[in-house]
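For reference, target.cif (mmCIF, C-alpha atoms):
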```cif
data_structure
loop_
_atom_site.label_atom_id
_atom_site.label_comp_id
_atom_site.auth_asym_id
_atom_site.auth_seq_id
_atom_site.Cartn_x
_atom_site.Cartn_y
_atom_site.Cartn_z
CA MET O 580 36.82 -181.44 -55.07
CA SER O 581 34.88 -182.65 -58.11
CA GLY O 582 34.26 -180.67 -61.30
CA SER O 583 36.40 -178.21 -63.21
CA PRO O 584 37.92 -175.10 -61.60
CA VAL O 585 35.85 -172.93 -63.95
CA LYS O 586 32.64 -174.51 -62.72
CA ALA O 587 33.68 -174.06 -59.09
CA ALA O 588 34.61 -170.44 -59.79
CA LEU O 589 31.26 -169.69 -61.42
CA GLN O 590 29.45 -171.28 -58.48
CA ASP O 591 31.43 -169.20 -55.99
CA SER O 592 30.78 -166.03 -57.99
CA LEU O 593 27.01 -166.51 -58.07
CA PRO O 594 26.14 -164.39 -54.98
CA ILE O 595 28.21 -161.48 -56.34
CA VAL O 596 26.90 -161.87 -59.89
CA THR O 597 23.27 -161.71 -58.72
CA ALA O 598 23.94 -158.70 -56.48
CA TYR O 599 25.95 -156.81 -59.10
CA PHE O 600 23.45 -156.95 -61.95
CA PRO O 601 20.60 -154.92 -60.37
CA ILE O 602 23.01 -152.45 -58.74
CA ALA O 603 24.69 -151.92 -62.12
CA VAL O 604 21.25 -151.43 -63.73
CA THR O 605 20.57 -148.76 -61.09
CA PHE O 606 23.88 -147.11 -61.90
CA GLY O 607 23.10 -147.10 -65.63
CA VAL O 608 19.63 -145.61 -65.10
CA LEU O 609 20.88 -142.87 -62.75
CA SER O 610 23.79 -141.88 -64.93
CA VAL O 611 21.74 -141.62 -68.14
CA ALA O 612 18.83 -139.92 -66.34
CA GLY O 613 21.35 -137.36 -65.01
CA GLY O 614 22.38 -136.50 -68.56
CA ILE O 615 25.57 -138.52 -69.06
CA ALA O 616 25.68 -140.19 -72.52
CA TRP O 617 24.90 -143.92 -72.69
CA TRP O 618 28.28 -144.82 -74.15
CA MET O 619 30.05 -142.76 -71.47
CA THR O 620 27.99 -144.53 -68.77
CA ILE O 621 29.09 -147.93 -70.10
CA LEU O 622 32.68 -146.74 -70.43
CA ILE O 623 32.66 -145.72 -66.74
CA SER O 624 31.69 -149.28 -65.72
CA VAL O 625 34.23 -150.80 -68.12
CA CYS O 626 37.13 -148.61 -66.93
CA VAL O 627 36.46 -147.93 -63.25
CA TYR O 628 34.59 -151.08 -62.13
CA ALA O 629 33.94 -150.00 -58.54
CA GLY O 630 30.34 -149.48 -57.46
CA GLY O 631 30.64 -146.80 -54.78
CA ALA O 632 33.24 -144.87 -56.77
CA GLN O 633 31.11 -144.83 -59.90
CA PHE O 634 27.99 -143.50 -58.13
CA MET O 635 30.27 -140.95 -56.48
CA LEU O 636 31.76 -139.95 -59.83
CA VAL O 637 28.33 -139.43 -61.40
CA GLY O 638 27.18 -137.41 -58.37
CA LEU O 639 30.24 -135.15 -58.55
CA VAL O 640 29.95 -134.73 -62.33
CA LEU O 641 26.28 -133.76 -62.06
CA SER O 642 27.05 -131.24 -59.30
CA ASN O 643 29.76 -129.65 -61.52
CA SER O 644 32.72 -130.32 -59.18
CA SER O 645 36.12 -129.42 -60.55
CA PRO O 646 37.72 -132.34 -62.47
CA LEU O 647 40.81 -132.43 -60.27
CA SER O 648 38.96 -132.63 -56.94
CA THR O 649 36.60 -135.22 -58.48
CA VAL O 650 39.51 -137.45 -59.47
CA ILE O 651 41.24 -137.07 -56.09
CA THR O 652 38.05 -137.71 -54.07
CA VAL O 653 37.10 -140.83 -56.00
CA LEU O 654 40.63 -142.23 -55.93
CA LEU O 655 40.74 -141.65 -52.20
CA VAL O 656 37.53 -143.65 -51.89
CA ASN O 657 39.30 -146.41 -53.82
CA LEU O 658 42.47 -146.26 -51.76
CA ARG O 659 40.98 -148.99 -49.57
CA HIS O 660 41.75 -151.40 -52.43
CA PHE O 661 45.38 -151.02 -51.47
CA LEU O 662 44.55 -152.95 -48.33
CA TYR O 663 42.90 -155.72 -50.37
CA GLY O 664 45.96 -156.25 -52.55
CA THR O 665 48.39 -156.27 -49.66
CA THR O 666 46.14 -158.63 -47.67
CA LEU O 667 45.64 -161.13 -50.50
CA GLY O 668 49.19 -160.77 -51.85
CA PRO O 669 50.82 -163.64 -49.94
CA SER O 670 48.39 -166.16 -51.53
CA PHE O 671 49.64 -165.14 -54.98
CA ARG O 672 53.34 -165.68 -54.32
CA GLN O 673 53.63 -168.55 -56.84
CA TRP O 674 51.94 -166.64 -59.66
CA THR O 675 53.68 -164.97 -62.59
CA GLU O 676 53.70 -161.17 -62.53
CA ARG O 677 51.47 -161.05 -65.64
CA HIS O 678 48.80 -163.25 -64.07
CA LYS O 679 48.79 -161.13 -60.92
CA TRP O 680 48.20 -157.97 -62.96
CA ILE O 681 45.29 -159.59 -64.82
CA ALA O 682 43.57 -160.92 -61.66
CA ALA O 683 44.03 -157.60 -59.86
CA PHE O 684 41.73 -155.81 -62.29
CA GLY O 685 38.69 -157.48 -60.75
CA LEU O 686 39.59 -156.96 -57.10
CA THR O 687 36.42 -155.17 -55.93
CA ASP O 688 35.07 -154.97 -52.37
CA GLU O 689 32.86 -158.01 -52.75
CA VAL O 690 35.43 -160.05 -54.68
CA PHE O 691 37.90 -159.30 -51.90
CA ALA O 692 35.42 -160.29 -49.18
CA VAL O 693 34.69 -163.64 -50.82
CA SER O 694 38.30 -164.28 -51.92
CA SER O 695 39.85 -163.52 -48.54
CA THR O 696 37.85 -166.24 -46.81
CA ARG O 697 38.34 -168.73 -49.65
CA LEU O 698 42.04 -168.12 -50.17
CA ARG O 699 42.78 -168.97 -46.56
CA GLU O 700 41.57 -172.52 -47.26
CA LYS O 701 43.29 -173.00 -50.61
CA GLU O 702 45.77 -171.15 -52.83
CA PRO O 703 44.08 -169.92 -56.03
CA THR O 704 44.96 -171.17 -59.51
CA PRO O 705 44.95 -168.59 -62.30
CA VAL O 706 42.13 -170.39 -64.15
CA TYR O 707 39.88 -170.40 -61.07
CA GLN O 708 40.62 -166.79 -60.13
CA PHE O 709 40.20 -165.42 -63.68
CA ALA O 710 36.85 -167.18 -64.13
CA PHE O 711 35.67 -165.94 -60.73
CA VAL O 712 36.77 -162.36 -61.28
CA PHE O 713 35.56 -161.96 -64.85
CA ALA O 714 32.14 -163.52 -64.19
CA CYS O 715 31.54 -160.71 -61.68
CA TYR O 716 32.88 -158.12 -64.14
CA ALA O 717 30.61 -159.43 -66.93
CA SER O 718 27.58 -159.09 -64.64
CA TRP O 719 28.54 -155.53 -63.74
CA VAL O 720 29.09 -154.39 -67.33
CA SER O 721 25.96 -156.09 -68.72
CA GLY O 722 23.85 -154.62 -65.91
CA THR O 723 25.17 -151.17 -66.81
CA VAL O 724 24.33 -151.72 -70.50
CA ALA O 725 20.78 -152.73 -69.54
CA GLY O 726 20.40 -149.71 -67.22
CA ALA O 727 21.82 -147.26 -69.76
CA GLY O 728 19.44 -148.71 -72.35
CA ILE O 729 16.28 -148.15 -70.30
CA GLY O 730 17.57 -145.00 -68.54
CA GLN O 731 15.63 -142.39 -70.47
CA ALA O 732 12.37 -144.35 -70.35
CA VAL O 733 12.45 -144.50 -66.53
CA PRO O 734 10.12 -141.90 -64.91
CA THR O 735 11.76 -139.16 -62.82
CA SER O 736 10.06 -140.30 -59.60
CA VAL O 737 11.66 -143.75 -60.00
CA SER O 738 15.13 -142.46 -60.82
CA GLN O 739 14.84 -140.04 -57.88
CA ALA O 740 14.11 -142.96 -55.52
CA LEU O 741 16.96 -144.94 -57.09
CA GLY O 742 19.26 -142.07 -56.10
CA PHE O 743 19.07 -143.40 -52.54
CA ALA O 744 20.97 -146.47 -53.79
CA LEU O 745 24.19 -144.49 -53.24
CA PRO O 746 23.88 -143.78 -49.49
CA ALA O 747 22.40 -147.28 -49.07
CA LEU O 748 25.44 -148.78 -50.79
CA PHE O 749 27.78 -146.77 -48.56
CA LEU O 750 25.89 -147.84 -45.42
CA ALA O 751 26.07 -151.47 -46.53
CA LEU O 752 29.82 -151.22 -47.18
CA LEU O 753 30.34 -149.50 -43.82
CA PHE O 754 28.61 -152.23 -41.83
CA LEU O 755 29.89 -155.06 -44.01
CA GLY O 756 33.41 -154.39 -42.78
CA GLU O 757 34.86 -154.58 -39.29
CA ARG O 758 32.60 -153.00 -36.70
CA THR O 759 34.76 -152.39 -33.66
CA LEU O 760 34.41 -149.20 -31.59
CA ALA O 761 37.61 -147.88 -33.22
CA HIS O 762 36.17 -148.38 -36.72
CA LEU O 763 32.92 -146.64 -35.78
CA ILE O 764 34.87 -143.72 -34.31
CA ALA O 765 36.85 -143.47 -37.55
CA ALA O 766 33.55 -143.29 -39.50
CA LEU O 767 31.95 -140.83 -37.09
CA SER O 768 34.92 -138.43 -36.99
CA GLY O 769 35.18 -138.64 -40.79
CA ALA O 770 31.50 -137.67 -41.00
CA LEU O 771 31.82 -134.75 -38.56
CA LEU O 772 34.88 -133.32 -40.31
CA ALA O 773 33.24 -133.61 -43.73
CA ILE O 774 30.10 -131.86 -42.42
CA ALA O 775 32.20 -129.08 -40.88
CA ALA O 776 34.10 -128.66 -44.16
CA THR O 777 30.86 -128.47 -46.14
CA LEU O 778 29.45 -125.82 -43.80
CA LEU O 779 32.68 -123.84 -44.26
CA HIS O 780 32.30 -124.24 -48.06
CA ALA O 781 35.52 -126.23 -48.32
CA GLY O 782 33.80 -128.64 -50.73
CA SER O 783 35.12 -132.12 -51.33
CA THR O 784 38.47 -131.46 -49.62
CA GLY O 785 36.41 -132.23 -46.49
CA ILE O 786 36.17 -135.85 -47.61
CA VAL O 787 39.94 -136.07 -48.00
CA ILE O 788 40.56 -134.45 -44.60
CA GLY O 789 37.80 -136.52 -42.95
CA ALA O 790 39.28 -139.72 -44.36
CA LEU O 791 42.85 -139.04 -43.27
CA VAL O 792 42.06 -137.67 -39.81
CA GLY O 793 39.28 -140.21 -39.20
CA ALA O 794 41.56 -143.13 -40.05
CA THR O 795 44.29 -141.78 -37.78
CA LEU O 796 41.85 -141.27 -34.89
CA GLY O 797 40.53 -144.82 -35.37
CA LEU O 798 44.06 -146.19 -35.21
CA LEU O 799 44.83 -144.15 -32.08
CA VAL O 800 41.66 -145.39 -30.35
CA ARG O 801 42.58 -148.98 -31.24
CA GLU O 802 46.13 -148.57 -29.91
CA TYR O 803 45.06 -146.72 -26.77
CA SER O 804 42.28 -149.16 -25.85
CA GLY O 805 44.70 -152.03 -26.50
CA LYS O 806 47.17 -150.52 -24.00
CA LEU O 807 44.42 -149.96 -21.43
CA ARG O 808 43.39 -153.59 -21.69
CA GLN O 809 46.97 -154.74 -21.15
CA LYS O 810 47.17 -152.80 -17.90
CA VAL O 811 44.11 -154.52 -16.44
CA PRO O 812 45.36 -157.52 -14.48
CA MET F 169 37.94 -134.08 -74.36
CA PRO F 170 34.80 -133.76 -72.17
CA PRO F 171 35.64 -133.61 -68.44
CA VAL F 172 33.72 -136.85 -67.69
CA LEU F 173 35.87 -138.79 -70.15
CA PHE F 174 39.05 -137.32 -68.68
CA GLU F 175 37.91 -138.11 -65.13
CA THR F 176 36.83 -141.64 -66.04
CA LEU F 177 40.15 -142.50 -67.68
CA LEU F 178 42.20 -141.09 -64.80
CA ILE F 179 40.07 -142.77 -62.13
CA GLY F 180 40.08 -146.06 -64.05
CA ALA F 181 43.87 -146.01 -64.44
CA GLY F 182 44.40 -144.92 -60.82
CA THR F 183 42.07 -147.56 -59.40
CA TYR F 184 43.74 -150.28 -61.48
CA LEU F 185 47.19 -149.18 -60.35
CA ILE F 186 46.06 -149.28 -56.70
CA ARG F 187 44.64 -152.78 -57.14
CA ALA F 188 47.46 -154.27 -59.21
CA GLY F 189 50.31 -152.44 -57.52
CA SER F 190 49.22 -153.51 -54.06
CA LEU F 191 48.71 -157.13 -55.12
CA SER F 192 52.12 -157.22 -56.79
CA LEU F 193 53.85 -155.57 -53.83
CA GLY F 194 51.83 -157.55 -51.31
CA SER F 195 52.94 -160.83 -52.84
CA ARG F 196 56.60 -159.89 -52.39
CA ALA F 197 57.03 -157.87 -49.24
CA SER F 198 55.00 -157.78 -46.08
CA TRP F 199 53.89 -154.39 -44.89
CA PRO F 200 54.66 -152.92 -41.49
CA GLU F 201 51.92 -153.68 -39.02
CA TRP F 202 51.01 -150.03 -38.32
CA ALA F 203 50.57 -149.23 -42.04
CA ARG F 204 48.15 -152.11 -42.53
CA LYS F 205 46.25 -151.17 -39.38
CA TRP F 206 45.97 -147.53 -40.52
CA LEU F 207 44.73 -148.61 -43.97
CA SER F 208 42.00 -150.71 -42.35
CA PHE F 209 40.60 -147.49 -40.85
CA VAL F 210 40.66 -145.53 -44.12
CA THR F 211 37.58 -147.33 -45.46
CA PRO F 212 35.18 -146.52 -42.59
CA ALA F 213 36.57 -142.96 -42.40
CA VAL F 214 36.01 -142.32 -46.12
CA LEU F 215 32.53 -143.84 -46.00
CA GLY F 216 31.67 -141.76 -42.94
CA ALA F 217 32.96 -138.61 -44.64
CA LEU F 218 30.84 -139.35 -47.70
CA LEU F 219 27.74 -140.22 -45.70
CA GLY F 220 27.82 -137.36 -43.16
CA PRO F 221 27.05 -134.42 -45.50
CA MET F 222 24.82 -136.64 -47.67
CA LEU F 223 22.56 -137.61 -44.77
CA LEU F 224 22.58 -134.51 -42.57
CA LEU F 225 22.95 -131.54 -44.91
CA ASN F 226 20.91 -130.21 -47.77
CA GLY F 227 23.45 -128.21 -49.72
CA ASP F 228 25.03 -126.21 -46.89
CA HIS F 229 22.21 -125.96 -44.36
CA TRP F 230 20.65 -128.33 -41.82
CA PRO F 231 17.14 -129.41 -42.73
CA SER F 232 14.90 -130.41 -39.80
CA ILE F 233 14.61 -134.18 -39.41
CA THR F 234 11.01 -134.26 -40.61
CA HIS F 235 12.05 -132.53 -43.85
CA ASN F 236 14.98 -134.82 -44.46
CA PRO F 237 13.81 -138.01 -46.24
CA THR F 238 17.41 -139.11 -46.84
CA LEU F 239 18.17 -139.22 -43.10
CA LEU F 240 14.82 -140.84 -42.25
CA ALA F 241 15.35 -143.57 -44.87
CA ALA F 242 18.93 -144.08 -43.69
CA LEU F 243 17.76 -145.30 -40.24
CA PRO F 244 15.99 -148.52 -41.38
CA THR F 245 18.65 -148.96 -44.09
CA ALA F 246 21.45 -148.85 -41.52
CA ALA F 247 19.56 -151.34 -39.34
CA VAL F 248 19.20 -153.78 -42.26
CA ALA F 249 22.87 -153.36 -43.18
CA TRP F 250 23.93 -153.98 -39.57
CA ILE F 251 21.80 -157.10 -39.12
CA SER F 252 21.97 -158.72 -42.55
CA ARG F 253 25.42 -157.64 -43.84
CA HIS F 254 23.85 -158.15 -47.26
CA LEU F 255 24.68 -155.67 -50.00
CA LEU F 256 21.72 -156.09 -52.35
CA LEU F 257 19.12 -156.47 -49.59
CA THR F 258 20.33 -153.25 -47.97
CA VAL F 259 20.13 -151.30 -51.24
CA VAL F 260 16.62 -152.63 -52.04
CA VAL F 261 15.24 -151.89 -48.55
CA GLY F 262 16.85 -148.44 -48.65
CA VAL F 263 15.39 -147.44 -52.02
CA VAL F 264 11.91 -148.73 -51.07
CA CYS F 265 11.96 -146.88 -47.70
CA PHE F 266 13.13 -143.69 -49.40
CA ALA F 267 10.40 -143.92 -52.06
CA LEU F 268 7.75 -144.49 -49.37
CA ILE F 269 8.94 -141.56 -47.24
CA VAL F 270 9.11 -139.16 -50.20
CA HIS F 271 5.59 -140.07 -51.34
CA ILE F 272 3.88 -139.96 -47.95
#
```
Written as structure tokens, how would this file's structure read?
Amino acid sequence: MSGSPVKAALQDSLPIVTAYFPIAVTFGVLSVAGGIAWWMTILISVCVYAGGAQFMLVGLVLSNSSPLSTVITVLLVNLRHFLYGTTLGPSFRQWTERHKWIAAFGLTDEVFAVSSTRLREKEPTPVYQFAFVFACYASWVSGTVAGAGIGQAVPTSVSQALGFALPALFLALLFLGERTLAHLIAALSGALLAIAATLLHAGSTGIVIGALVGATLGLLVREYSGKLRQKVP
Amino acid sequence: MPPVLFETLLIGAGTYLIRAGSLSLGSRASWPEWARKWLSFVTPAVLGALLGPMLLLNGDHWPSITHNPTLLAALPTAAVAWISRHLLLTVVVGVVCFALIVHI
């Protein structure tokens, strides 16, 4: 490969960088239009750095959810990152512990999706991975700054339409991942349980229950259909 | 401390620990197969649980489909997500569809 690792990293990050900026602008606009201070909005992007979770956080804050259930719900949404770390882990065996902890900060959904295909071809060097990860982070934070800056000037009708960015983002993430029958059943049973919990006024505990039961049902369907297939001669 | 600040700091720290802890552990030990399989189903289940009430309920009652712009806009959005698997395109199409439906 020709060129420096930094250049290669920036090239590889380009699709994520271009997607992140406008989504982060949307986040900034929505958060400020909802009444969260501009500096707090930027701090959310700086500290949390996870698209779906941040929209979720703002939604829960604006609907006055209790702080504890807000924190638990959002962290549960982010629990999927555990899978990313454990999946990518083997490619980082040669790295120092410190380098691993720096690179891990930027392990978002999209960074994982791009990294997991790339890392199978070639083990990452710290320079490449840092440049890749922090280019995406820079795009996310600067998009939020831009959005928070124009937030109050944006008309209500526009910020109302931008509110649909959240379900759209969740739909995109859902169909971006694996799409087997078992995964769709996990999503569907999670949805039904969360709806039932909302109708029973159980609030956001429904998301926690839906996630845990849905994931277990998905796994059972996968195992069961696997066994059925083995029995067919 | 305002609750948003408290929530942001806790969520930020928790998310970072999940990311870094799993990468650090994942580079040393391999996880049992069933645990990794189960984790791969947590993502769709959480997303489904978030989307269900968001798309089908308005507060705690069922609006009829013609009075539910979120659900109507979700149909073309889901189709675009399924076909394109493109994050930004899906969000743009979704927001435009939603704006059109609300204003018609």
With distances taken over only C-alpha atoms, the candidate from O:Leu639, O:Ala587, O:Val611, O:Leu686 nearest chain F is O:Leu686
Review point. Excluding same-chain residues fewer than 2 positions from O:Phe754, what lies within 10 Å of it counting only C-alpha atoms, as a list in words?
Key: Phe749, Leu750, Ala751, Leu752, Gly756, Glu757, Arg758, His762 and Leu763 of chain O; Pro212, Ala246, Ala247, Val248, Ala249, Trp250, Ile251, Ser252, Arg253, His254 and Leu255 of chain F
- Task: Apply the PyMOL selection byres ((chain F and resi 186) around 8) to the displayed file and report the matching residues as a PyMOL selection string.
- Result: (chain O and resi 657-658+660-661) or (chain F and resi 182-185+187-190)
Pairwise distance, atom CA of O:Leu772 with atom CA of O:Gly630, equals 24.0 Å
Item to check | Neighbour list for stretch 224-237 of chain F as a ChimeraX atom specification, cut-off 12 Å, all atoms listed in the file, skip fewer than 4 positions in-chain | outcome: /O:642,739-740,742-743,746,770-771,773-782 /F:216-220,241-244,262-272
Could you write those residues out with C-alpha atoms, as a compact mmCIF listing (two decimals), keeping the file's coordinate frame?
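Heads up, here's the output in result_9.txt:
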```txt
# COMPACT_ATOMS: atom_id res chain seq x y z
CA SER O 642 27.05 -131.24 -59.30
CA GLN O 739 14.84 -140.04 -57.88
CA ALA O 740 14.11 -142.96 -55.52
CA GLY O 742 19.26 -142.07 -56.10
CA PHE O 743 19.07 -143.40 -52.54
CA PRO O 746 23.88 -143.78 -49.49
CA ALA O 770 31.50 -137.67 -41.00
CA LEU O 771 31.82 -134.75 -38.56
CA ALA O 773 33.24 -133.61 -43.73
CA ILE O 774 30.10 -131.86 -42.42
CA ALA O 775 32.20 -129.08 -40.88
CA ALA O 776 34.10 -128.66 -44.16
CA THR O 777 30.86 -128.47 -46.14
CA LEU O 778 29.45 -125.82 -43.80
CA LEU O 779 32.68 -123.84 -44.26
CA HIS O 780 32.30 -124.24 -48.06
CA ALA O 781 35.52 -126.23 -48.32
CA GLY O 782 33.80 -128.64 -50.73
CA GLY F 216 31.67 -141.76 -42.94
CA ALA F 217 32.96 -138.61 -44.64
CA LEU F 218 30.84 -139.35 -47.70
CA LEU F 219 27.74 -140.22 -45.70
CA GLY F 220 27.82 -137.36 -43.16
CA ALA F 241 15.35 -143.57 -44.87
CA ALA F 242 18.93 -144.08 -43.69
CA LEU F 243 17.76 -145.30 -40.24
CA PRO F 244 15.99 -148.52 -41.38
CA GLY F 262 16.85 -148.44 -48.65
CA VAL F 263 15.39 -147.44 -52.02
CA VAL F 264 11.91 -148.73 -51.07
CA CYS F 265 11.96 -146.88 -47.70
CA PHE F 266 13.13 -143.69 -49.40
CA ALA F 267 10.40 -143.92 -52.06
CA LEU F 268 7.75 -144.49 -49.37
CA ILE F 269 8.94 -141.56 -47.24
CA VAL F 270 9.11 -139.16 -50.20
CA HIS F 271 5.59 -140.07 -51.34
CA ILE F 272 3.88 -139.96 -47.95
```
One residue among F:Leu257, F:Ala203, F:Leu239, F:Leu191 is nearest to chain O when using all atoms listed in the file, and that residue is F:Leu191
Picked residues, the PyMOL selection byres ((chain O and resi 616) around 12), expected as JSON, numbers by chain: {"O": [607, 608, 609, 610, 611, 612, 613, 614, 615, 617, 618, 619, 620, 621, 622, 623, 637, 724, 727, 728, 730, 731], "F": [170, 172, 173]}
- Message: Using all atoms listed in the file, list the residues that have an atom at most 10 Å from (32.1, -137.8, -61.3), coordinates as in the file, as a count of residues only.
- Response: 28
Mind listing as a VMD selection string all residues within 10 Å of (46.6, -157.6, -44.5), counting only C-alpha atoms?
(chain O and resid 661 to 669 695) or (chain F and resid 194 198 to 201 203 to 205 207 to 208)
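Atom CA of O:Phe671 lies 23.5 Å from atom CA of O:Pro594.
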From the list F:Trp202, F:Leu240, F:Ala213, F:Val260, the nearest residue to chain O using all atoms listed in the file is F:Ala213
Taking 6 positions as the minimum chain separation for residues in the same chain, which residues sit within 8 Å of O:Val656 when counting only C-alpha atoms? Answer as a ChimeraX atom specification. /O:632 /F:211,214-215
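For the set O:Leu698, O:Leu589, O:Val712, O:Ala761, the residue with the smallest atom-to-atom gap to O:Gly793 is O:Ala761, counting only C-alpha atoms.
For F:Leu256, the set of protein, DNA and RNA residues having any atom at most 9 Å away, when counting all atoms listed in the file and skipping those fewer than 4 positions along the same chain, is Thr597, Ala598, Tyr599, Pro601, Ile602, Leu748 and Ala751 of chain O; Val260 and Val261 of chain F.
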**Item:** the PyMOL selection byres ((chain O and resi 592) around 12) applied to the shown file, residues as a PyMOL selection string
**Value:** chain O and resi 585-591+593-599+685+689-694+697+707-718
